[in-house]
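*Asks:* Quick one: the structure is below, questions incoming.
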Amino acid sequence: MPISDNHRKLIWAGATLFGIFYVAPWAIHNARIASSQPPPAEAKPSAAHVAPAEPKPIDPEQTLKAQAARVAGDWKGSGIIPGRGPCMITLQIHPDPLTPGGYSAFSTTGCHPNYLTLGQDRQKAMDTLLKGATPTSIIMSGTAVKGDLVFHVDKAIGVPPDGCPWTGMTVSPFGEQVASEWQAGTCAGGQMILNRVTNVR
């Protein structure tokens, strides 16, 4: 049986009412739920992997130079020097500003040759004391060699009583001290341990 216009109007009206009372509330409810959900978190980029820096190769020559540089400063020590008696040595070591990698050194030796006067007459003993007690000094220049500072004498002030002026000196690190070893040309050299001091007097 054909549907009349009135029937069609009734069907459309019924569908509209169904949508208003059933479909619309469900859609509104779902929209509210969706709006209440927090937005999805944005994915954070992973931290870039940074490779550790490769250690710099150790330069043995620079290590030895740094070791030698530790002996720069002021030093003092005392001991027996054959032919001169009980002596005190003061030593100042400084980098040479005019010579790259070079060092300057200034050393003074003062002795008390009392025991050298044994068996001497009065006049001879007096001469020995005056000559032996007069300090001698040297001015040196040198460079680092295998962790030591090796100096040669540029100028000598005074004449040692044994007649053997020093011609060179090697200074080596020795813990918190330094070991000094001097040469005296064709004469025998010597050695002495020196301690660091604030000021050489």
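Residue numbers start at 1 in each chain; chains themselves are named A, B, ... in the order of the structure tokens; ligands are numbered from 1 in the order shown.
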Using only C-alpha atoms, which residues of range 100-130 of chain A come within 7 Å of range 143-151 of chain A, and what is the closest atom pair for each, with the distance in Å to one decimal? Give it as a tab-separated table, sorted by chain and residue number.

*Replies:*
residue	atom	partner	partner_atom	distance
A:Gly101	CA	A:Thr143	CA	6.4
A:Gly102	CA	A:Thr143	CA	4.8
A:Tyr103	CA	A:Thr143	CA	5.9

*Asks:* Write out as number ranges by chain each polymer residue whose atoms come within 9 Å of Pro165 in chain A, counting only C-alpha atoms; drop sequence neighbours fewer than 3 positions from it.

*Replies:* A: 136, 156, 158-160, 162, 183-185, 187

*Asks:* Just to be explicit: take each residue in the selection above, keep N, CA, C and O atoms, and write the result as a PDB file, in the first residue's frame.

*Replies:*
ATOM      1  N   THR A 136     131.970  31.575  48.920  1.00  0.00           N
ATOM      2  CA  THR A 136     132.148  31.586  47.467  1.00  0.00           C
ATOM      3  C   THR A 136     130.785  31.451  46.815  1.00  0.00           C
ATOM      4  O   THR A 136     129.901  30.763  47.335  1.00  0.00           O
ATOM      5  N   ALA A 156     132.117  32.673  38.567  1.00  0.00           N
ATOM      6  CA  ALA A 156     132.448  32.299  39.937  1.00  0.00           C
ATOM      7  C   ALA A 156     132.924  33.529  40.689  1.00  0.00           C
ATOM      8  O   ALA A 156     133.662  34.359  40.145  1.00  0.00           O
ATOM      9  N   GLY A 158     134.860  34.504  44.143  1.00  0.00           N
ATOM     10  CA  GLY A 158     135.646  33.966  45.240  1.00  0.00           C
ATOM     11  C   GLY A 158     136.340  32.670  44.841  1.00  0.00           C
ATOM     12  O   GLY A 158     135.949  31.997  43.876  1.00  0.00           O
ATOM     13  N   VAL A 159     137.377  32.337  45.607  1.00  0.00           N
ATOM     14  CA  VAL A 159     138.149  31.119  45.352  1.00  0.00           C
ATOM     15  C   VAL A 159     138.006  30.185  46.547  1.00  0.00           C
ATOM     16  O   VAL A 159     138.283  30.585  47.688  1.00  0.00           O
ATOM     17  N   PRO A 160     137.551  28.951  46.330  1.00  0.00           N
ATOM     18  CA  PRO A 160     137.410  28.021  47.459  1.00  0.00           C
ATOM     19  C   PRO A 160     138.773  27.680  48.046  1.00  0.00           C
ATOM     20  O   PRO A 160     139.788  27.679  47.345  1.00  0.00           O
ATOM     21  N   ASP A 162     140.103  24.943  48.899  1.00  0.00           N
ATOM     22  CA  ASP A 162     140.766  23.751  48.368  1.00  0.00           C
ATOM     23  C   ASP A 162     141.304  23.982  46.962  1.00  0.00           C
ATOM     24  O   ASP A 162     141.898  23.079  46.359  1.00  0.00           O
ATOM     25  N   GLN A 183     130.158  19.467  40.198  1.00  0.00           N
ATOM     26  CA  GLN A 183     131.416  19.047  39.582  1.00  0.00           C
ATOM     27  C   GLN A 183     132.444  20.162  39.786  1.00  0.00           C
ATOM     28  O   GLN A 183     132.090  21.338  39.846  1.00  0.00           O
ATOM     29  N   ALA A 184     133.718  19.771  39.890  1.00  0.00           N
ATOM     30  CA  ALA A 184     134.779  20.748  40.150  1.00  0.00           C
ATOM     31  C   ALA A 184     135.967  20.504  39.228  1.00  0.00           C
ATOM     32  O   ALA A 184     137.121  20.402  39.672  1.00  0.00           O
ATOM     33  N   GLY A 185     135.682  20.403  37.946  1.00  0.00           N
ATOM     34  CA  GLY A 185     136.751  20.215  36.972  1.00  0.00           C
ATOM     35  C   GLY A 185     137.470  18.902  37.190  1.00  0.00           C
ATOM     36  O   GLY A 185     136.859  17.835  37.264  1.00  0.00           O
ATOM     37  N   CYS A 187     139.041  18.148  39.901  1.00  0.00           N
ATOM     38  CA  CYS A 187     138.946  17.784  41.319  1.00  0.00           C
ATOM     39  C   CYS A 187     137.698  16.934  41.558  1.00  0.00           C
ATOM     40  O   CYS A 187     136.805  16.836  40.711  1.00  0.00           O
TER      41      CYS A 187
END

*Asks:* Which one is closest to Val197 in chain A: A:Val171, A:Val178, A:Leu116, A:Met126? Count only C-alpha atoms.

*Replies:*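 Ranked by minimum distance to Val197 in chain A, first place goes to A:Val178.
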
*Asks:* Using only C-alpha atoms for the distances, tell me which of A:Ser107, A:Arg196, A:Pro82, A:Thr170 is nearest to Ala68 in chain A.

*Replies:* A:Thr170

*Asks:* So that I can check the secondary structure, give me every residue of range 48-151 of chain A assigned helix (DSSP H, G or I) by backbone DSSP, as a compact mmCIF listing (two decimals) with all heavy atoms, in the first residue's frame.

*Replies:*
# COMPACT_ATOMS: atom_id res chain seq x y z
N PRO A 60 106.04 12.05 27.21
CA PRO A 60 107.09 11.81 28.22
C PRO A 60 108.03 13.00 28.39
O PRO A 60 108.46 13.30 29.51
CB PRO A 60 107.84 10.59 27.66
CG PRO A 60 106.87 9.93 26.73
CD PRO A 60 106.04 11.04 26.15
N GLU A 61 108.33 13.68 27.30
CA GLU A 61 109.25 14.82 27.39
C GLU A 61 108.65 15.94 28.23
O GLU A 61 109.32 16.52 29.08
CB GLU A 61 109.58 15.34 25.99
CG GLU A 61 110.59 16.49 26.00
CD GLU A 61 110.97 16.95 24.59
OE1 GLU A 61 110.53 16.30 23.62
OE2 GLU A 61 111.69 17.94 24.48
N GLN A 62 107.34 16.22 28.02
CA GLN A 62 106.69 17.26 28.81
C GLN A 62 106.59 16.85 30.28
O GLN A 62 106.70 17.69 31.19
CB GLN A 62 105.29 17.55 28.24
CG GLN A 62 105.29 18.21 26.88
CD GLN A 62 105.99 19.56 26.89
OE1 GLN A 62 105.90 20.31 27.86
NE2 GLN A 62 106.70 19.87 25.82
N THR A 63 106.38 15.55 30.53
CA THR A 63 106.32 15.07 31.90
C THR A 63 107.65 15.28 32.62
O THR A 63 107.70 15.73 33.77
CB THR A 63 105.96 13.58 31.92
OG1 THR A 63 104.69 13.39 31.29
CG2 THR A 63 105.87 13.06 33.35
N LEU A 64 108.75 15.00 31.94
CA LEU A 64 110.07 15.19 32.53
C LEU A 64 110.36 16.67 32.77
O LEU A 64 110.96 17.04 33.79
CB LEU A 64 111.14 14.57 31.63
CG LEU A 64 111.14 13.04 31.55
CD1 LEU A 64 112.17 12.57 30.53
CD2 LEU A 64 111.43 12.43 32.91
N LYS A 65 109.91 17.52 31.84
CA LYS A 65 110.12 18.96 32.01
C LYS A 65 109.33 19.48 33.21
O LYS A 65 109.82 20.31 33.98
CB LYS A 65 109.73 19.71 30.75
CG LYS A 65 110.72 19.53 29.60
CD LYS A 65 110.30 20.35 28.38
CE LYS A 65 111.32 20.21 27.25
NZ LYS A 65 110.93 21.00 26.07
N ALA A 66 108.10 18.97 33.37
CA ALA A 66 107.29 19.38 34.52
C ALA A 66 107.92 18.91 35.82
O ALA A 66 107.91 19.62 36.84
CB ALA A 66 105.87 18.83 34.39
N GLN A 67 108.51 17.72 35.82
CA GLN A 67 109.18 17.21 37.00
C GLN A 67 110.38 18.08 37.35
O GLN A 67 110.61 18.40 38.52
CB GLN A 67 109.63 15.77 36.76
CG GLN A 67 110.42 15.16 37.91
CD GLN A 67 110.82 13.72 37.64
OE1 GLN A 67 110.11 12.99 36.98
NE2 GLN A 67 111.98 13.33 38.13
N ALA A 68 111.13 18.46 36.33
CA ALA A 68 112.30 19.31 36.59
C ALA A 68 111.89 20.68 37.09
O ALA A 68 112.57 21.28 37.94
CB ALA A 68 113.13 19.44 35.31
N ALA A 69 110.76 21.20 36.59
CA ALA A 69 110.32 22.53 37.00
C ALA A 69 109.96 22.59 38.48
O ALA A 69 109.96 23.67 39.08
CB ALA A 69 109.12 22.96 36.16
N ASN A 114 137.32 25.06 60.88
CA ASN A 114 138.08 25.02 62.13
C ASN A 114 138.97 23.79 62.20
O ASN A 114 140.13 23.88 62.63
CB ASN A 114 137.13 25.03 63.33
CG ASN A 114 136.37 26.35 63.44
OD1 ASN A 114 136.59 27.27 62.66
ND2 ASN A 114 135.47 26.43 64.40
N TYR A 115 138.42 22.63 61.79
CA TYR A 115 139.20 21.41 61.95
C TYR A 115 140.42 21.39 61.02
O TYR A 115 141.39 20.64 61.26
CB TYR A 115 138.31 20.18 61.70
CG TYR A 115 138.18 19.77 60.26
CD1 TYR A 115 138.95 18.75 59.73
CD2 TYR A 115 137.27 20.41 59.42
CE1 TYR A 115 138.83 18.36 58.41
CE2 TYR A 115 137.14 20.04 58.11
CZ TYR A 115 137.92 19.01 57.60
OH TYR A 115 137.80 18.64 56.30
N LEU A 116 140.42 22.24 59.97
CA LEU A 116 141.56 22.29 59.06
C LEU A 116 142.78 22.93 59.71
O LEU A 116 143.91 22.82 59.21
CB LEU A 116 141.20 23.06 57.79
CG LEU A 116 140.09 22.45 56.92
CD1 LEU A 116 139.82 23.36 55.73
CD2 LEU A 116 140.46 21.05 56.46
N THR A 117 142.55 23.61 60.84
CA THR A 117 143.67 24.30 61.50
C THR A 117 144.43 23.40 62.47
O THR A 117 145.43 23.83 63.06
CB THR A 117 143.14 25.53 62.27
OG1 THR A 117 142.26 25.09 63.31
CG2 THR A 117 142.41 26.46 61.34
N ARG A 122 149.97 29.33 64.72
CA ARG A 122 148.94 30.37 64.88
C ARG A 122 148.71 31.14 63.59
O ARG A 122 147.56 31.37 63.20
CB ARG A 122 149.35 31.31 66.00
CG ARG A 122 148.31 32.37 66.31
CD ARG A 122 148.71 33.17 67.53
NE ARG A 122 147.71 34.18 67.84
CZ ARG A 122 147.82 35.03 68.86
NH1 ARG A 122 148.88 34.96 69.67
NH2 ARG A 122 146.87 35.91 69.08
N GLN A 123 149.78 31.58 62.94
CA GLN A 123 149.62 32.38 61.72
C GLN A 123 148.98 31.57 60.60
O GLN A 123 148.08 32.05 59.91
CB GLN A 123 151.00 32.91 61.27
CG GLN A 123 150.92 33.86 60.06
CD GLN A 123 150.09 35.09 60.34
OE1 GLN A 123 150.25 35.73 61.39
NE2 GLN A 123 149.17 35.44 59.42
N LYS A 124 149.44 30.33 60.45
CA LYS A 124 148.86 29.47 59.40
C LYS A 124 147.40 29.19 59.68
O LYS A 124 146.56 29.20 58.78
CB LYS A 124 149.64 28.17 59.34
CG LYS A 124 149.17 27.19 58.27
CD LYS A 124 149.40 27.71 56.87
CE LYS A 124 149.05 26.65 55.84
NZ LYS A 124 149.24 27.15 54.46
N ALA A 125 147.09 28.96 60.94
CA ALA A 125 145.69 28.69 61.31
C ALA A 125 144.80 29.91 61.03
O ALA A 125 143.66 29.77 60.57
CB ALA A 125 145.61 28.30 62.78
N MET A 126 145.34 31.10 61.31
CA MET A 126 144.57 32.31 61.04
C MET A 126 144.32 32.47 59.54
O MET A 126 143.20 32.80 59.13
CB MET A 126 145.32 33.53 61.59
CG MET A 126 144.53 34.83 61.46
SD MET A 126 143.00 34.81 62.43
CE MET A 126 143.66 34.74 64.09
N ASP A 127 145.32 32.20 58.73
CA ASP A 127 145.15 32.29 57.28
C ASP A 127 144.12 31.27 56.79
O ASP A 127 143.29 31.57 55.92
CB ASP A 127 146.50 32.05 56.58
CG ASP A 127 147.49 33.18 56.83
OD1 ASP A 127 147.04 34.28 57.23
OD2 ASP A 127 148.71 32.95 56.65
N THR A 128 144.17 30.07 57.35
CA THR A 128 143.22 29.02 56.94
C THR A 128 141.79 29.41 57.29
O THR A 128 140.86 29.23 56.49
CB THR A 128 143.58 27.68 57.63
OG1 THR A 128 144.90 27.28 57.23
CG2 THR A 128 142.58 26.60 57.26
N LEU A 129 141.61 29.98 58.48
CA LEU A 129 140.27 30.38 58.90
C LEU A 129 139.72 31.50 58.02
O LEU A 129 138.56 31.47 57.60
CB LEU A 129 140.29 30.81 60.36
CG LEU A 129 140.47 29.71 61.40
CD1 LEU A 129 140.61 30.31 62.79
CD2 LEU A 129 139.31 28.72 61.35
N LEU A 130 140.56 32.50 57.74
CA LEU A 130 140.10 33.62 56.93
C LEU A 130 139.76 33.18 55.51
O LEU A 130 138.74 33.59 54.93
CB LEU A 130 141.17 34.72 56.91
CG LEU A 130 141.40 35.45 58.22
CD1 LEU A 130 142.57 36.44 58.09
CD2 LEU A 130 140.14 36.18 58.66
N LYS A 131 140.62 32.36 54.95
CA LYS A 131 140.40 31.91 53.58
C LYS A 131 139.22 30.95 53.50
O LYS A 131 138.38 31.04 52.61
CB LYS A 131 141.67 31.24 53.05
CG LYS A 131 141.59 30.85 51.58
CD LYS A 131 142.91 30.28 51.11
CE LYS A 131 142.84 29.91 49.63
NZ LYS A 131 144.14 29.34 49.16
N GLY A 132 139.15 30.03 54.45
CA GLY A 132 138.09 29.01 54.41
C GLY A 132 136.72 29.55 54.75
O GLY A 132 135.70 29.01 54.29
N ALA A 133 136.70 30.60 55.60
CA ALA A 133 135.40 31.13 56.02
C ALA A 133 134.83 32.14 55.04
O ALA A 133 133.68 32.56 55.18
CB ALA A 133 135.53 31.78 57.40

*Asks:* Return the single residue from A:Pro113, A:Gly168, A:Gly189, A:Pro161 that is closest to Ile139 in chain A, with distances computed using only C-alpha atoms.

*Replies:*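 Of all the options, A:Gly168 lies closest to Ile139 in chain A.
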
*Asks:* What is the CA of Ile193 in chain A-CA of Met140 in chain A distance in Å, reported with one decimal?

*Replies:* 18.5 Å

*Asks:* List every residue of range 89-145 of chain A that DSSP, applied to the backbone of this structure, assigns to strand (DSSP E or B), and report them as an mmCIF file with all heavy atoms, in the first residue's frame.

*Replies:*
data_model
loop_
_atom_site.group_PDB
_atom_site.id
_atom_site.type_symbol
_atom_site.label_atom_id
_atom_site.label_comp_id
_atom_site.auth_asym_id
_atom_site.auth_seq_id
_atom_site.Cartn_x
_atom_site.Cartn_y
_atom_site.Cartn_z
ATOM 1 N N ILE A 89 125.154 25.385 52.026
ATOM 2 C CA ILE A 89 124.946 25.778 50.631
ATOM 3 C C ILE A 89 123.540 26.358 50.494
ATOM 4 O O ILE A 89 122.563 25.764 50.958
ATOM 5 C CB ILE A 89 125.094 24.577 49.687
ATOM 6 C CG1 ILE A 89 126.524 24.035 49.722
ATOM 7 C CG2 ILE A 89 124.723 24.964 48.251
ATOM 8 C CD1 ILE A 89 126.725 22.791 48.875
ATOM 9 N N THR A 90 123.445 27.530 49.906
ATOM 10 C CA THR A 90 122.144 28.091 49.538
ATOM 11 C C THR A 90 122.066 28.104 48.020
ATOM 12 O O THR A 90 123.062 28.335 47.319
ATOM 13 C CB THR A 90 121.979 29.519 50.084
ATOM 14 O OG1 THR A 90 123.016 30.355 49.563
ATOM 15 C CG2 THR A 90 122.032 29.526 51.601
ATOM 16 N N LEU A 91 120.857 27.843 47.520
ATOM 17 C CA LEU A 91 120.670 27.719 46.066
ATOM 18 C C LEU A 91 119.336 28.329 45.672
ATOM 19 O O LEU A 91 118.292 28.003 46.262
ATOM 20 C CB LEU A 91 120.718 26.244 45.665
ATOM 21 C CG LEU A 91 120.466 25.904 44.196
ATOM 22 C CD1 LEU A 91 121.551 26.489 43.298
ATOM 23 C CD2 LEU A 91 120.378 24.385 44.006
ATOM 24 N N GLN A 92 119.365 29.212 44.712
ATOM 25 C CA GLN A 92 118.152 29.802 44.143
ATOM 26 C C GLN A 92 118.060 29.383 42.682
ATOM 27 O O GLN A 92 119.029 29.536 41.927
ATOM 28 C CB GLN A 92 118.190 31.324 44.240
ATOM 29 C CG GLN A 92 118.190 31.866 45.656
ATOM 30 C CD GLN A 92 118.286 33.396 45.667
ATOM 31 O OE1 GLN A 92 119.068 33.986 44.940
ATOM 32 N NE2 GLN A 92 117.458 34.019 46.492
ATOM 33 N N ILE A 93 116.881 28.879 42.303
ATOM 34 C CA ILE A 93 116.651 28.434 40.925
ATOM 35 C C ILE A 93 115.406 29.127 40.389
ATOM 36 O O ILE A 93 114.341 29.089 41.026
ATOM 37 C CB ILE A 93 116.469 26.905 40.848
ATOM 38 C CG1 ILE A 93 117.718 26.199 41.394
ATOM 39 C CG2 ILE A 93 116.200 26.469 39.414
ATOM 40 C CD1 ILE A 93 117.578 24.692 41.462
ATOM 41 N N HIS A 94 115.537 29.758 39.228
ATOM 42 C CA HIS A 94 114.413 30.465 38.621
ATOM 43 C C HIS A 94 114.391 30.193 37.118
ATOM 44 O O HIS A 94 115.455 30.034 36.500
ATOM 45 C CB HIS A 94 114.527 31.982 38.850
ATOM 46 C CG HIS A 94 114.695 32.368 40.278
ATOM 47 N ND1 HIS A 94 113.683 32.250 41.202
ATOM 48 C CD2 HIS A 94 115.769 32.874 40.955
ATOM 49 C CE1 HIS A 94 114.111 32.664 42.379
ATOM 50 N NE2 HIS A 94 115.378 33.038 42.253
ATOM 51 N N PRO A 95 113.189 30.148 36.506
ATOM 52 C CA PRO A 95 113.135 30.057 35.044
ATOM 53 C C PRO A 95 113.810 31.275 34.415
ATOM 54 O O PRO A 95 113.680 32.393 34.910
ATOM 55 C CB PRO A 95 111.628 30.026 34.743
ATOM 56 C CG PRO A 95 110.993 29.542 36.010
ATOM 57 C CD PRO A 95 111.843 30.089 37.114
ATOM 58 N N GLY A 102 114.832 27.359 29.692
ATOM 59 C CA GLY A 102 116.088 27.488 30.421
ATOM 60 C C GLY A 102 115.872 27.928 31.860
ATOM 61 O O GLY A 102 114.815 28.450 32.229
ATOM 62 N N TYR A 103 116.898 27.747 32.684
ATOM 63 C CA TYR A 103 116.843 28.127 34.097
ATOM 64 C C TYR A 103 118.130 28.840 34.485
ATOM 65 O O TYR A 103 119.202 28.585 33.921
ATOM 66 C CB TYR A 103 116.666 26.890 34.991
ATOM 67 C CG TYR A 103 115.312 26.254 34.870
ATOM 68 C CD1 TYR A 103 115.045 25.337 33.848
ATOM 69 C CD2 TYR A 103 114.281 26.563 35.751
ATOM 70 C CE1 TYR A 103 113.796 24.741 33.729
ATOM 71 C CE2 TYR A 103 113.035 25.977 35.643
ATOM 72 C CZ TYR A 103 112.800 25.074 34.623
ATOM 73 O OH TYR A 103 111.562 24.502 34.498
ATOM 74 N N SER A 104 118.007 29.736 35.466
ATOM 75 C CA SER A 104 119.161 30.401 36.058
ATOM 76 C C SER A 104 119.268 29.961 37.515
ATOM 77 O O SER A 104 118.247 29.716 38.178
ATOM 78 C CB SER A 104 119.011 31.926 35.989
ATOM 79 O OG SER A 104 118.941 32.370 34.644
ATOM 80 N N ALA A 105 120.497 29.864 38.000
ATOM 81 C CA ALA A 105 120.697 29.439 39.382
ATOM 82 C C ALA A 105 121.814 30.266 40.007
ATOM 83 O O ALA A 105 122.773 30.674 39.327
ATOM 84 C CB ALA A 105 121.034 27.956 39.443
ATOM 85 N N PHE A 106 121.672 30.510 41.315
ATOM 86 C CA PHE A 106 122.638 31.307 42.069
ATOM 87 C C PHE A 106 122.911 30.563 43.374
ATOM 88 O O PHE A 106 121.988 30.314 44.149
ATOM 89 C CB PHE A 106 122.087 32.703 42.349
ATOM 90 C CG PHE A 106 121.521 33.381 41.118
ATOM 91 C CD1 PHE A 106 120.194 33.191 40.744
ATOM 92 C CD2 PHE A 106 122.328 34.186 40.320
ATOM 93 C CE1 PHE A 106 119.678 33.800 39.620
ATOM 94 C CE2 PHE A 106 121.823 34.798 39.189
ATOM 95 C CZ PHE A 106 120.495 34.604 38.834
ATOM 96 N N SER A 107 124.165 30.211 43.595
ATOM 97 C CA SER A 107 124.514 29.408 44.771
ATOM 98 C C SER A 107 125.655 30.062 45.538
ATOM 99 O O SER A 107 126.597 30.607 44.947
ATOM 100 C CB SER A 107 124.921 27.996 44.340
ATOM 101 O OG SER A 107 125.263 27.206 45.461
ATOM 102 N N THR A 108 125.548 29.991 46.873
ATOM 103 C CA THR A 108 126.602 30.485 47.756
ATOM 104 C C THR A 108 126.955 29.395 48.759
ATOM 105 O O THR A 108 126.053 28.746 49.318
ATOM 106 C CB THR A 108 126.148 31.754 48.500
ATOM 107 O OG1 THR A 108 125.924 32.796 47.551
ATOM 108 C CG2 THR A 108 127.217 32.215 49.488
ATOM 109 N N THR A 109 128.255 29.210 48.973
ATOM 110 C CA THR A 109 128.739 28.202 49.920
ATOM 111 C C THR A 109 129.579 28.899 50.995
ATOM 112 O O THR A 109 130.538 29.623 50.690
ATOM 113 C CB THR A 109 129.595 27.143 49.209
ATOM 114 O OG1 THR A 109 128.835 26.544 48.165
ATOM 115 C CG2 THR A 109 130.041 26.066 50.191
ATOM 116 N N GLY A 110 129.191 28.701 52.234
ATOM 117 C CA GLY A 110 129.932 29.246 53.371
ATOM 118 C C GLY A 110 130.363 28.121 54.291
ATOM 119 O O GLY A 110 129.561 27.225 54.591
ATOM 120 N N CYS A 111 131.614 28.135 54.737
ATOM 121 C CA CYS A 111 132.153 27.018 55.521
ATOM 122 C C CYS A 111 132.799 27.515 56.811
ATOM 123 O O CYS A 111 133.115 28.705 56.969
ATOM 124 C CB CYS A 111 133.184 26.242 54.697
ATOM 125 S SG CYS A 111 132.534 25.588 53.138
ATOM 126 N N THR A 136 131.970 31.575 48.920
ATOM 127 C CA THR A 136 132.148 31.586 47.467
ATOM 128 C C THR A 136 130.785 31.451 46.815
ATOM 129 O O THR A 136 129.901 30.763 47.335
ATOM 130 C CB THR A 136 133.066 30.440 47.007
ATOM 131 O OG1 THR A 136 132.507 29.195 47.435
ATOM 132 C CG2 THR A 136 134.460 30.595 47.587
ATOM 133 N N SER A 137 130.628 32.102 45.684
ATOM 134 C CA SER A 137 129.332 32.086 44.989
ATOM 135 C C SER A 137 129.538 31.765 43.511
ATOM 136 O O SER A 137 130.606 32.024 42.942
ATOM 137 C CB SER A 137 128.628 33.439 45.132
ATOM 138 O OG SER A 137 128.401 33.751 46.491
ATOM 139 N N ILE A 138 128.508 31.214 42.898
ATOM 140 C CA ILE A 138 128.543 30.917 41.466
ATOM 141 C C ILE A 138 127.210 31.298 40.842
ATOM 142 O O ILE A 138 126.149 31.218 41.485
ATOM 143 C CB ILE A 138 128.839 29.426 41.188
ATOM 144 C CG1 ILE A 138 127.899 28.523 41.982
ATOM 145 C CG2 ILE A 138 130.293 29.100 41.471
ATOM 146 C CD1 ILE A 138 128.081 27.041 41.692
ATOM 147 N N ILE A 139 127.280 31.736 39.600
ATOM 148 C CA ILE A 139 126.093 32.028 38.798
ATOM 149 C C ILE A 139 126.048 30.980 37.687
ATOM 150 O O ILE A 139 127.047 30.779 36.980
ATOM 151 C CB ILE A 139 126.152 33.445 38.203
ATOM 152 C CG1 ILE A 139 126.227 34.477 39.326
ATOM 153 C CG2 ILE A 139 124.923 33.709 37.321
ATOM 154 C CD1 ILE A 139 126.466 35.895 38.833
ATOM 155 N N MET A 140 124.892 30.321 37.536
ATOM 156 C CA MET A 140 124.796 29.205 36.599
ATOM 157 C C MET A 140 123.595 29.357 35.683
ATOM 158 O O MET A 140 122.641 30.083 35.981
ATOM 159 C CB MET A 140 124.679 27.886 37.361
ATOM 160 C CG MET A 140 125.821 27.601 38.314
ATOM 161 S SD MET A 140 125.599 26.029 39.223
ATOM 162 C CE MET A 140 124.249 26.495 40.339
ATOM 163 N N SER A 141 123.654 28.660 34.572
ATOM 164 C CA SER A 141 122.514 28.555 33.663
ATOM 165 C C SER A 141 122.423 27.105 33.202
ATOM 166 O O SER A 141 123.429 26.395 33.135
ATOM 167 C CB SER A 141 122.677 29.493 32.457
ATOM 168 O OG SER A 141 123.867 29.196 31.742
ATOM 169 N N GLY A 142 121.188 26.665 32.910
ATOM 170 C CA GLY A 142 121.030 25.269 32.515
ATOM 171 C C GLY A 142 119.653 24.979 31.973
ATOM 172 O O GLY A 142 118.810 25.872 31.810
ATOM 173 N N THR A 143 119.424 23.703 31.692
ATOM 174 C CA THR A 143 118.156 23.235 31.122
ATOM 175 C C THR A 143 117.769 21.912 31.783
ATOM 176 O O THR A 143 118.552 21.308 32.511
ATOM 177 C CB THR A 143 118.275 23.032 29.599
ATOM 178 O OG1 THR A 143 119.337 22.097 29.332
ATOM 179 C CG2 THR A 143 118.571 24.340 28.884
ATOM 180 N N ALA A 144 116.526 21.489 31.476
ATOM 181 C CA ALA A 144 116.031 20.213 31.994
ATOM 182 C C ALA A 144 116.560 19.077 31.126
ATOM 183 O O ALA A 144 116.479 19.127 29.900
ATOM 184 C CB ALA A 144 114.510 20.211 32.008
ATOM 185 N N VAL A 145 117.082 18.041 31.792
ATOM 186 C CA VAL A 145 117.585 16.851 31.100
ATOM 187 C C VAL A 145 117.094 15.627 31.858
ATOM 188 O O VAL A 145 117.523 15.377 33.000
ATOM 189 C CB VAL A 145 119.127 16.849 31.027
ATOM 190 C CG1 VAL A 145 119.614 15.574 30.335
ATOM 191 C CG2 VAL A 145 119.644 18.079 30.305
#

*Asks:* To one decimal place in Å, what is the distance between CA of Gln177 in chain A and CA of Cys87 in chain A?

*Replies:* 18.0 Å

*Asks:* Hey, what's within 10 Å of Gln191 in chain A if we count only C-alpha atoms and toss same-chain stuff fewer than 3 positions away? As a list in words, please?

*Replies:* Gly79, Ile80, Ile81, Met169, Thr170, Val171, Ala179, Ser180, Glu181, Trp182, Gln183 and Leu194 of chain A
